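Here's start_21.pdb, which has PDB, C-alpha atoms, pLDDT in the B column:
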ATOM      1  CA  MET A   1       0.325  17.377   7.592  1.00 47.00           C
ATOM      2  CA  LYS A   2      -2.634  16.126   9.597  1.00 51.00           C
ATOM      3  CA  LYS A   3      -1.703  13.675  12.352  1.00 53.00           C
ATOM      4  CA  LEU A   4      -2.549  10.110  11.386  1.00 51.00           C
ATOM      5  CA  PRO A   5      -4.574   8.228  14.014  1.00 51.00           C
ATOM      6  CA  THR A   6      -2.370   5.147  13.712  1.00 55.00           C
ATOM      7  CA  GLU A   7       0.950   6.908  14.307  1.00 53.00           C
ATOM      8  CA  SER A   8       1.702   4.858  17.425  1.00 66.00           C
ATOM      9  CA  LEU A   9       1.781   1.716  15.263  1.00 76.00           C
ATOM     10  CA  TYR A  10       4.698   2.898  13.124  1.00 76.00           C
ATOM     11  CA  THR A  11       8.411   3.514  13.594  1.00 82.00           C
ATOM     12  CA  PRO A  12       9.792   7.002  12.878  1.00 86.00           C
ATOM     13  CA  ALA A  13      11.206   5.754   9.543  1.00 83.00           C
ATOM     14  CA  GLN A  14       7.825   4.324   8.555  1.00 78.00           C
ATOM     15  CA  LEU A  15       6.126   7.596   9.481  1.00 80.00           C
ATOM     16  CA  GLU A  16       8.610   9.487   7.339  1.00 83.00           C
ATOM     17  CA  LEU A  17       7.813   7.208   4.412  1.00 75.00           C
ATOM     18  CA  LEU A  18       4.067   7.629   4.956  1.00 73.00           C
ATOM     19  CA  GLU A  19       4.416  11.414   5.013  1.00 78.00           C
ATOM     20  CA  LEU A  20       6.421  11.312   1.796  1.00 78.00           C
ATOM     21  CA  VAL A  21       3.868   9.104   0.078  1.00 74.00           C
ATOM     22  CA  ALA A  22       0.937  11.143   1.361  1.00 69.00           C
ATOM     23  CA  SER A  23       2.442  14.327  -0.013  1.00 75.00           C
ATOM     24  CA  ASN A  24       3.025  12.706  -3.415  1.00 76.00           C
ATOM     25  CA  ASP A  25      -0.472  11.510  -4.322  1.00 79.00           C
ATOM     26  CA  ALA A  26      -1.003   8.422  -2.191  1.00 77.00           C
ATOM     27  CA  LEU A  27      -4.297   7.614  -3.910  1.00 79.00           C
ATOM     28  CA  GLU A  28      -2.676   7.280  -7.333  1.00 85.00           C
ATOM     29  CA  PHE A  29       0.170   5.200  -5.900  1.00 83.00           C
ATOM     30  CA  GLY A  30      -2.304   2.916  -4.114  1.00 84.00           C
ATOM     31  CA  GLU A  31      -4.272   2.405  -7.315  1.00 88.00           C
ATOM     32  CA  GLU A  32      -1.091   1.538  -9.206  1.00 88.00           C
ATOM     33  CA  LEU A  33      -0.151  -1.037  -6.557  1.00 87.00           C
ATOM     34  CA  MET A  34      -3.602  -2.612  -6.845  1.00 90.00           C
ATOM     35  CA  PHE A  35      -3.151  -2.773 -10.619  1.00 92.00           C
ATOM     36  CA  ILE A  36       0.118  -4.695 -10.131  1.00 89.00           C
ATOM     37  CA  HIS A  37      -1.591  -6.952  -7.576  1.00 88.00           C
ATOM     38  CA  ASP A  38      -4.492  -7.719  -9.913  1.00 90.00           C
ATOM     39  CA  ILE A  39      -2.283  -8.441 -12.908  1.00 91.00           C
ATOM     40  CA  ALA A  40      -0.059 -10.793 -10.910  1.00 87.00           C
ATOM     41  CA  LEU A  41      -2.954 -12.600  -9.270  1.00 85.00           C
ATOM     42  CA  TYR A  42      -5.706 -12.667 -11.877  1.00 87.00           C
ATOM     43  CA  HIS A  43      -4.042 -12.271 -15.261  1.00 87.00           C
ATOM     44  CA  SER A  44      -1.044 -14.569 -14.994  1.00 84.00           C
ATOM     45  CA  ASP A  45      -0.716 -18.159 -16.146  1.00 86.00           C
ATOM     46  CA  LEU A  46       2.038 -18.827 -13.615  1.00 82.00           C
ATOM     47  CA  SER A  47       1.289 -20.669 -10.416  1.00 87.00           C
ATOM     48  CA  ILE A  48       1.828 -18.650  -7.262  1.00 86.00           C
ATOM     49  CA  ASN A  49       3.379 -20.247  -4.183  1.00 90.00           C
ATOM     50  CA  GLU A  50       2.536 -19.379  -0.588  1.00 91.00           C
ATOM     51  CA  LYS A  51       5.379 -16.874  -0.237  1.00 92.00           C
ATOM     52  CA  GLU A  52       4.239 -15.021  -3.360  1.00 90.00           C
ATOM     53  CA  LYS A  53       0.614 -15.094  -2.191  1.00 88.00           C
ATOM     54  CA  ALA A  54       1.694 -13.542   1.093  1.00 90.00           C
ATOM     55  CA  ALA A  55       3.633 -10.829  -0.751  1.00 90.00           C
ATOM     56  CA  LEU A  56       0.615 -10.058  -2.959  1.00 90.00           C
ATOM     57  CA  TYR A  57      -1.592  -9.832   0.117  1.00 91.00           C
ATOM     58  CA  GLN A  58       0.881  -7.387   1.704  1.00 91.00           C
ATOM     59  CA  LEU A  59       0.861  -5.370  -1.516  1.00 89.00           C
ATOM     60  CA  LYS A  60      -2.936  -5.187  -1.328  1.00 90.00           C
ATOM     61  CA  GLN A  61      -2.760  -4.106   2.309  1.00 90.00           C
ATOM     62  CA  LEU A  62      -0.272  -1.364   1.427  1.00 86.00           C
ATOM     63  CA  ALA A  63      -2.529  -0.158  -1.378  1.00 87.00           C
ATOM     64  CA  ASP A  64      -5.475  -0.023   1.024  1.00 88.00           C
ATOM     65  CA  ILE A  65      -3.417   1.912   3.578  1.00 82.00           C
ATOM     66  CA  LEU A  66      -2.306   4.397   0.936  1.00 80.00           C
ATOM     67  CA  LYS A  67      -5.909   4.940  -0.148  1.00 81.00           C
ATOM     68  CA  GLN A  68      -6.900   5.538   3.485  1.00 80.00           C
ATOM     69  CA  ILE A  69      -4.014   7.977   3.946  1.00 74.00           C
ATOM     70  CA  SER A  70      -5.140   9.937   0.911  1.00 72.00           C
ATOM     71  CA  LYS A  71      -8.586  10.347   2.529  1.00 74.00           C
ATOM     72  CA  GLU A  72      -7.136  11.492   5.869  1.00 64.00           C
ATOM     73  CA  VAL A  73      -4.616  13.988   4.518  1.00 58.00           C
TER      74      VAL A  73
END
Take the structure in the file and write it out as structure tokens.
Amino acid sequence: MKKLPTESLYTPAQLELLELVASNDALEFGEELMFIHDIALYHSDLSINEKEKAALYQLKQLADILKQISKEV
């Protein structure tokens, strides 16, 4: 696996997870996470509190990271 430029930002357990995800189609997984994000945020009649908004934002960030990983691997 190609060395990720941001490896110093992650713990060994996080790196292990990233390697696992990268080897199992990170792009598809990232797109699926964005689909969940969009449904929860844009297609729901329920109000979303601050904690849930933060979680959705983190989900979006994870999806973006997975898409970037798929480009680097």
Please identify all polymer residues within 12 Å of stretch 37-39 of chain A, counting all atoms listed in the file, omitting same-chain residues fewer than 4 positions from it, and present them as a list in words.
Gly30, Glu31, Glu32, Leu33, His43, Ser44, Asp45, Leu46, Glu52, Lys53, Ala54, Ala55, Leu56, Tyr57, Gln58, Leu59, Lys60, Gln61, Leu62, Ala63 and Asp64 of chain A
Export, as a tab-separated table (two decimals), keeping the file's coordinate frame, the selected residues with C-alpha atoms.
chain	number	residue	atom	x	y	z
A	30	GLY	CA	-2.30	2.92	-4.11
A	31	GLU	CA	-4.27	2.40	-7.32
A	32	GLU	CA	-1.09	1.54	-9.21
A	33	LEU	CA	-0.15	-1.04	-6.56
A	43	HIS	CA	-4.04	-12.27	-15.26
A	44	SER	CA	-1.04	-14.57	-14.99
A	45	ASP	CA	-0.72	-18.16	-16.15
A	46	LEU	CA	2.04	-18.83	-13.62
A	52	GLU	CA	4.24	-15.02	-3.36
A	53	LYS	CA	0.61	-15.09	-2.19
A	54	ALA	CA	1.69	-13.54	1.09
A	55	ALA	CA	3.63	-10.83	-0.75
A	56	LEU	CA	0.62	-10.06	-2.96
A	57	TYR	CA	-1.59	-9.83	0.12
A	58	GLN	CA	0.88	-7.39	1.70
A	59	LEU	CA	0.86	-5.37	-1.52
A	60	LYS	CA	-2.94	-5.19	-1.33
A	61	GLN	CA	-2.76	-4.11	2.31
A	62	LEU	CA	-0.27	-1.36	1.43
A	63	ALA	CA	-2.53	-0.16	-1.38
A	64	ASP	CA	-5.48	-0.02	1.02
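Across A:Leu41, A:Ile69, A:Ile48, A:Ile36, the tightest approach to A:Glu19 is made by A:Ile69 when counting only C-alpha atoms.
The gap separating atom CA of A:Ile65 from atom CA of A:Leu17 is 12.4 Å, in Å to one decimal.
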Closest of A:Met34, A:Leu20, A:Ala40, A:Leu27 to A:Lys67, counting only C-alpha atoms, is A:Leu27
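Distance-wise, atom CA of A:Ala13 and atom CA of A:Leu66 end up 16.1 Å apart.
Interatomic distance, atom CA of A:Glu28 to atom CA of A:Tyr10: 22.2 Å.
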